[in-house]
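Q: The following file, model_15.cif, comprises mmCIF, C-alpha atoms:
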```
data_start
loop_
_atom_site.label_atom_id
_atom_site.label_comp_id
_atom_site.auth_asym_id
_atom_site.auth_seq_id
_atom_site.Cartn_x
_atom_site.Cartn_y
_atom_site.Cartn_z
CA MET A 305 127.05 88.58 178.67
CA ASN A 306 126.84 92.21 177.64
CA LEU A 307 126.49 93.27 174.00
CA ASP A 308 130.25 93.64 173.43
CA GLN A 309 130.90 90.16 174.83
CA ILE A 310 128.13 88.72 172.65
CA LYS A 311 129.68 90.37 169.57
CA GLU A 312 133.10 88.89 170.42
CA LYS A 313 131.55 85.43 170.82
CA LEU A 314 129.72 85.79 167.50
CA LYS A 315 133.01 86.57 165.77
CA GLU A 316 134.19 83.13 166.91
CA LEU A 317 130.99 81.36 165.84
CA LEU A 318 130.36 83.00 162.46
CA THR A 319 132.22 83.63 159.22
CA GLU A 320 133.20 87.26 158.66
CA LYS A 321 130.51 87.57 155.99
CA ARG A 322 127.81 86.16 158.30
CA TYR A 323 128.96 88.41 161.15
CA ILE A 324 128.57 91.46 158.88
CA HIS A 325 125.14 90.14 157.87
CA SER A 326 124.21 89.90 161.57
CA LEU A 327 125.30 93.50 162.17
CA ASN A 328 123.24 94.57 159.16
CA VAL A 329 120.18 92.65 160.40
CA ALA A 330 120.57 94.28 163.82
CA ASP A 331 120.68 97.74 162.18
CA SER A 332 117.64 96.97 160.00
CA ALA A 333 115.76 95.57 162.99
CA LYS A 334 116.48 98.68 165.03
CA LYS A 335 115.27 100.89 162.18
CA LEU A 336 112.08 98.84 161.78
CA ALA A 337 111.50 98.85 165.55
CA GLU A 338 111.73 102.63 165.56
CA MET A 339 109.23 102.82 162.70
CA TYR A 340 106.73 100.38 164.16
CA GLY A 341 107.02 101.44 167.81
CA ALA A 342 108.84 98.35 169.12
CA ASP A 343 111.76 98.21 171.55
CA GLU A 344 114.85 99.20 169.54
CA GLU A 345 117.39 97.67 171.94
CA LYS A 346 115.61 94.32 171.94
CA ALA A 347 115.33 94.41 168.14
CA TYR A 348 119.06 95.14 167.79
CA LEU A 349 119.95 92.32 170.20
CA ALA A 350 117.70 89.78 168.47
CA GLY A 351 119.09 90.85 165.10
CA ILE A 352 122.70 90.47 166.16
CA VAL A 353 122.26 86.96 167.63
CA HIS A 354 119.68 85.52 165.20
CA ASP A 355 122.21 83.39 163.27
CA CYS A 356 124.46 82.38 166.19
CA ALA A 357 124.02 78.64 165.43
CA LYS A 358 124.15 78.95 161.63
CA TYR A 359 127.54 77.24 161.24
CA PHE A 360 127.26 74.50 163.85
CA LYS A 361 128.61 71.19 162.59
CA THR A 362 126.76 67.94 163.31
CA ASP A 363 128.65 67.21 166.53
CA LYS A 364 127.87 70.66 167.92
CA VAL A 365 124.21 70.35 166.89
CA ASP A 366 124.03 66.97 168.62
CA TYR A 367 125.73 68.42 171.71
CA TYR A 368 123.24 71.28 172.12
CA VAL A 369 120.21 69.16 171.23
CA ALA A 370 121.22 66.72 173.99
CA LYS A 371 122.29 69.41 176.49
CA TYR A 372 119.05 71.40 176.30
CA ASP A 373 116.73 68.55 175.28
CA ILE A 374 115.80 70.39 172.06
CA GLU A 375 113.04 68.80 170.01
CA LEU A 376 113.54 69.09 166.25
CA ASP A 377 110.86 67.94 163.83
CA GLU A 378 111.53 65.61 160.89
CA LEU A 379 112.30 68.48 158.49
CA GLU A 380 114.71 70.13 160.95
CA VAL A 381 116.75 67.04 161.84
CA GLY A 382 119.96 67.10 159.79
CA ASN A 383 119.02 70.44 158.23
CA ILE A 384 120.99 73.30 159.80
CA ALA A 385 119.34 75.80 157.43
CA LEU A 386 116.11 75.14 159.36
CA SER A 387 117.34 73.99 162.76
CA HIS A 388 119.85 76.81 163.40
CA SER A 389 117.05 79.15 164.44
CA ILE A 390 115.69 76.77 167.08
CA ILE A 391 119.13 75.75 168.38
CA GLY A 392 120.18 79.41 168.24
CA SER A 393 117.30 80.40 170.52
CA TYR A 394 118.70 78.05 173.20
CA VAL A 395 122.26 79.31 172.68
CA ALA A 396 121.02 82.91 172.99
CA LYS A 397 119.14 82.09 176.19
CA TYR A 398 121.53 79.78 178.02
CA GLU A 399 124.97 80.58 176.58
CA PHE A 400 124.56 84.34 176.06
CA GLY A 401 122.28 84.83 179.07
CA ILE A 402 119.48 86.57 177.16
CA ASP A 403 116.34 86.13 179.23
CA ASP A 404 113.89 88.22 177.22
CA GLU A 405 111.30 85.86 175.72
CA ASP A 406 110.45 88.25 172.86
CA VAL A 407 114.10 88.21 171.76
CA ILE A 408 114.41 84.42 172.18
CA SER A 409 111.19 83.77 170.26
CA SER A 410 112.28 86.12 167.47
CA VAL A 411 115.49 84.11 167.05
CA ARG A 412 113.56 80.83 167.18
CA TYR A 413 111.12 81.72 164.38
CA HIS A 414 113.22 83.93 162.09
CA THR A 415 113.56 81.13 159.51
CA THR A 416 110.07 79.65 159.21
CA GLY A 417 107.81 82.16 160.91
CA LYS A 418 104.81 80.85 162.83
CA VAL A 419 101.10 81.46 163.33
CA ASP A 420 100.22 84.73 165.09
CA MET A 421 103.69 86.29 165.21
CA SER A 422 104.47 89.13 167.59
CA LEU A 423 105.65 92.46 166.20
CA MET A 424 109.23 91.68 167.31
CA GLU A 425 109.14 88.28 165.59
CA LYS A 426 107.96 89.96 162.38
CA ILE A 427 110.66 92.63 162.63
CA ILE A 428 113.48 90.07 162.91
CA TYR A 429 112.00 87.87 160.18
CA VAL A 430 111.81 90.81 157.75
CA ALA A 431 115.07 92.49 158.83
CA ASP A 432 116.90 89.25 158.00
CA LEU A 433 115.58 89.43 154.45
CA ILE A 434 115.97 93.15 153.71
CA GLU A 435 119.25 94.14 155.39
CA VAL A 436 121.47 96.32 153.17
CA GLY A 437 123.74 93.44 152.13
CA ARG A 438 120.89 91.40 150.68
CA ASP A 439 120.69 91.38 146.88
CA TYR A 440 118.19 89.06 145.22
CA PRO A 441 115.19 89.42 142.89
CA GLY A 442 112.32 91.09 144.78
CA VAL A 443 114.36 92.46 147.70
CA ASP A 444 113.69 96.10 146.78
CA GLU A 445 109.94 95.45 146.64
CA LEU A 446 110.15 93.82 150.07
CA ARG A 447 112.12 96.78 151.48
CA ASP A 448 109.56 99.19 150.04
CA LEU A 449 106.69 97.33 151.73
CA ALA A 450 108.47 97.13 155.09
CA TYR A 451 109.59 100.77 155.10
CA ALA A 452 106.22 102.01 153.80
CA GLY A 453 104.67 100.92 157.09
CA ASP A 454 102.88 97.72 156.07
CA MET A 455 104.72 94.99 157.97
CA ASP A 456 102.06 92.36 157.31
CA ALA A 457 102.21 92.96 153.55
CA ALA A 458 106.00 92.60 153.75
CA MET A 459 105.60 89.37 155.72
CA ILE A 460 103.12 87.87 153.24
CA GLN A 461 105.34 88.86 150.32
CA SER A 462 108.37 87.30 152.00
CA PHE A 463 106.47 84.04 152.62
CA ASP A 464 105.35 84.06 148.97
CA ASN A 465 108.95 84.60 147.81
CA THR A 466 110.35 81.86 150.04
CA ILE A 467 107.65 79.32 149.24
CA SER A 468 107.97 79.99 145.49
CA LEU A 469 111.75 79.56 145.71
CA MET A 470 111.41 76.28 147.61
CA ILE A 471 108.96 74.98 144.99
CA LYS A 472 111.33 75.99 142.16
CA LYS A 473 114.23 74.23 143.90
CA GLY A 474 112.12 71.14 144.57
CA ASN A 475 112.64 71.54 148.31
CA THR A 476 110.27 70.80 151.16
CA ILE A 477 108.33 73.70 152.67
CA HIS A 478 108.07 73.82 156.43
CA PRO A 479 104.41 73.60 157.57
CA ARG A 480 105.02 76.51 159.99
CA SER A 481 105.67 78.82 157.03
CA VAL A 482 102.50 77.75 155.22
CA ALA A 483 100.46 78.07 158.43
CA ALA A 484 101.98 81.51 159.15
CA ARG A 485 101.16 82.76 155.65
CA ASN A 486 97.61 81.40 155.78
CA PHE A 487 97.04 82.97 159.20
CA MET A 488 98.24 86.40 158.02
CA ILE A 489 96.13 86.34 154.86
CA THR A 490 93.04 85.29 156.85
CA GLU A 491 93.65 88.05 159.43
CA ARG A 492 94.04 90.67 156.68
CA LYS A 493 90.79 89.56 155.07
CA LYS A 494 89.00 89.79 158.43
CA LYS A 495 90.35 93.30 159.05
CA LYS A 496 89.35 94.36 155.55
CA ALA A 497 85.82 92.95 156.04
CA ILE A 498 85.46 94.82 159.34
CA LYS A 499 86.69 98.05 157.71
CA ASN A 500 84.11 97.64 154.94
CA LEU A 501 81.15 97.21 157.33
#
```
Take the structure I supplied and represent it as structure tokens, if you would.

A:
Amino acid sequence: MNLDQIKEKLKELLTEKRYIHSLNVADSAKKLAEMYGADEEKAYLAGIVHDCAKYFKTDKVDYYVAKYDIELDELEVGNIALSHSIIGSYVAKYEFGIDDEDVISSVRYHTTGKVDMSLMEKIIYVADLIEVGRDYPGVDELRDLAYAGDMDAAMIQSFDNTISLMIKKGNTIHPRSVAARNFMITERKKKKAIKNL
């Protein structure tokens, strides 16, 4: 599928509001890619498809899980808010014909993050949270960090925001998010220690 065909398919899969969100994420991702020296076309593509499985009902989830032998962990089973990113990575690869692993991986981890994220994975994770349509407490601070050139600070702040929100709501926190945050903080401390030698 080319980009126009993917956009047409997304219009079928998403609500109008979520489709606009996806366009906004793609624009933010492209802007961040330009800033941080990543591939702008890949960033735009990953941004546009990142939520392709967001509105799958149970039967569709079951269909794709069976079709592509997708393994979901105990927190992801029955939780489309978490599982849509993993299922979406398979849809992007096999249904949309996207064969770029950086794009696929960015879709897969845009919800939880993971240890040792690539620049593209970070860009999609952050773009999803700071696109122009987003309006929540702390979003401007997050935008400032991302657009000031400190992607890792933006990532850590976004993990802090998400984890705090999950705690306030009494929800579970995916271990990948905790591990990703811990990894980034440890890496920053190491870099700071080296700089101070």

Q: Applying the PyMOL selection byres ((chain A and resi 364) around 12) to the file I just gave you, which residues come out? Please list them as a count of residues only.

A: 21

Q: I need the residue set behind the PyMOL selection byres ((chain A and resi 473-482) around 12) for this file; please write it as a short mmCIF file (atom, residue, chain, number, x, y, z; two decimals) with C-alpha atoms, in the coordinates of the input.

A:
```
data_model
loop_
_atom_site.label_atom_id
_atom_site.label_comp_id
_atom_site.auth_asym_id
_atom_site.auth_seq_id
_atom_site.Cartn_x
_atom_site.Cartn_y
_atom_site.Cartn_z
CA ASP A 377 110.86 67.94 163.83
CA GLU A 378 111.53 65.61 160.89
CA LEU A 379 112.30 68.48 158.49
CA GLU A 380 114.71 70.13 160.95
CA ASN A 383 119.02 70.44 158.23
CA ALA A 385 119.34 75.80 157.43
CA LEU A 386 116.11 75.14 159.36
CA SER A 387 117.34 73.99 162.76
CA ARG A 412 113.56 80.83 167.18
CA TYR A 413 111.12 81.72 164.38
CA HIS A 414 113.22 83.93 162.09
CA THR A 415 113.56 81.13 159.51
CA THR A 416 110.07 79.65 159.21
CA GLY A 417 107.81 82.16 160.91
CA LYS A 418 104.81 80.85 162.83
CA VAL A 419 101.10 81.46 163.33
CA ASP A 420 100.22 84.73 165.09
CA MET A 421 103.69 86.29 165.21
CA TYR A 429 112.00 87.87 160.18
CA MET A 459 105.60 89.37 155.72
CA ILE A 460 103.12 87.87 153.24
CA SER A 462 108.37 87.30 152.00
CA PHE A 463 106.47 84.04 152.62
CA ASP A 464 105.35 84.06 148.97
CA ASN A 465 108.95 84.60 147.81
CA THR A 466 110.35 81.86 150.04
CA ILE A 467 107.65 79.32 149.24
CA SER A 468 107.97 79.99 145.49
CA LEU A 469 111.75 79.56 145.71
CA MET A 470 111.41 76.28 147.61
CA ILE A 471 108.96 74.98 144.99
CA LYS A 472 111.33 75.99 142.16
CA ALA A 483 100.46 78.07 158.43
CA ALA A 484 101.98 81.51 159.15
CA ARG A 485 101.16 82.76 155.65
CA ASN A 486 97.61 81.40 155.78
CA PHE A 487 97.04 82.97 159.20
CA MET A 488 98.24 86.40 158.02
CA ILE A 489 96.13 86.34 154.86
#
```

Q: Just say which residues the PyMOL selection byres ((chain A and resi 408) around 8) picks in this file, as a ChimeraX atom specification.

A: /A:350,393-394,396-397,402-407,409-412

Q: For Ala458 of chain A, which of A:Met424, A:Met305, A:Ile310, A:Leu446 is the closest residue, counting all atoms listed in the file?

A: A:Leu446

Q: Would you compute the distance between atom CA of Ile428 of chain A and atom CA of Gly341 of chain A? Give it in Å to one decimal.

A: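 Calculated distance between atom CA of Ile428 of chain A and atom CA of Gly341 of chain A is 14.0 Å.
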
Q: Around all the atoms of segment 383-395 of chain A listed in the file, with 6 Å of room on each side, what axis-aligned box do you get, giving centre and edge lengths in Å to one decimal, as lines of an AutoDock Vina configuration file?

A:
```
center_x = 119.0
center_y = 75.4
center_z = 165.3
size_x = 18.6
size_y = 22.0
size_z = 27.8
```

Q: Got a sec: who's within 12 Å of Ile324 of chain A, counting only C-alpha atoms, leaving out chain neighbours fewer than 2 positions off, as an mmCIF file with C-alpha atoms, in the frame of the given file?

A:
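The resulting file, around23.cif, is reproduced below:
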```cif
data_model
loop_
_atom_site.group_PDB
_atom_site.id
_atom_site.type_symbol
_atom_site.label_atom_id
_atom_site.label_comp_id
_atom_site.auth_asym_id
_atom_site.auth_seq_id
_atom_site.Cartn_x
_atom_site.Cartn_y
_atom_site.Cartn_z
ATOM 1 C CA LYS A 311 129.680 90.370 169.570
ATOM 2 C CA LEU A 314 129.720 85.790 167.500
ATOM 3 C CA LYS A 315 133.010 86.570 165.770
ATOM 4 C CA LEU A 318 130.360 83.000 162.460
ATOM 5 C CA THR A 319 132.220 83.630 159.220
ATOM 6 C CA GLU A 320 133.200 87.260 158.660
ATOM 7 C CA LYS A 321 130.510 87.570 155.990
ATOM 8 C CA ARG A 322 127.810 86.160 158.300
ATOM 9 C CA SER A 326 124.210 89.900 161.570
ATOM 10 C CA LEU A 327 125.300 93.500 162.170
ATOM 11 C CA ASN A 328 123.240 94.570 159.160
ATOM 12 C CA VAL A 329 120.180 92.650 160.400
ATOM 13 C CA ALA A 330 120.570 94.280 163.820
ATOM 14 C CA ASP A 331 120.680 97.740 162.180
ATOM 15 C CA GLY A 351 119.090 90.850 165.100
ATOM 16 C CA ILE A 352 122.700 90.470 166.160
ATOM 17 C CA VAL A 353 122.260 86.960 167.630
ATOM 18 C CA ASP A 355 122.210 83.390 163.270
ATOM 19 C CA ASP A 432 116.900 89.250 158.000
ATOM 20 C CA GLU A 435 119.250 94.140 155.390
ATOM 21 C CA VAL A 436 121.470 96.320 153.170
ATOM 22 C CA GLY A 437 123.740 93.440 152.130
ATOM 23 C CA ARG A 438 120.890 91.400 150.680
#
```

Q: What's around Ile427 of chain A at 8 Å? Count all atoms listed in the file, leave out sequence neighbours fewer than 4 positions away in its own chain, and write the answer as a PyMOL selection string.

A: chain A and resi 333+336-337+347+423+431+455

Q: To one decimal in Å, tell me the separation between atom CA of Tyr398 of chain A and atom CA of Asn306 of chain A.

A: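 Between atom CA of Tyr398 of chain A and atom CA of Asn306 of chain A the gap works out to 13.5 Å.
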
Q: Quick check, in Å to one decimal: how far apart do atom CA of Val443 of chain A and atom CA of Ser332 of chain A lie?

A: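 A separation of 13.5 Å between them.
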
Q: So, with only C-alpha atoms as the atoms that count, which of A:Gln461, A:Ala450, A:Ile390, A:Ile434 lies closest to Met339 of chain A?

A: A:Ala450

Q: Using only C-alpha atoms, which of the listed residues (A:Asp373, A:Glu338, A:Lys313, A:Arg447) sits closest to Glu399 of chain A?

A: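 Residue with the minimum atom-to-atom distance to Glu399 of chain A: A:Lys313.
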
Q: Using all atoms listed in the file, which residue out of A:Tyr340, A:Gly442, A:Lys495, A:Phe400 lies closest to Asp454 of chain A?

A: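 Nearest candidate to Asp454 of chain A out of A:Tyr340, A:Gly442, A:Lys495, A:Phe400: A:Tyr340.
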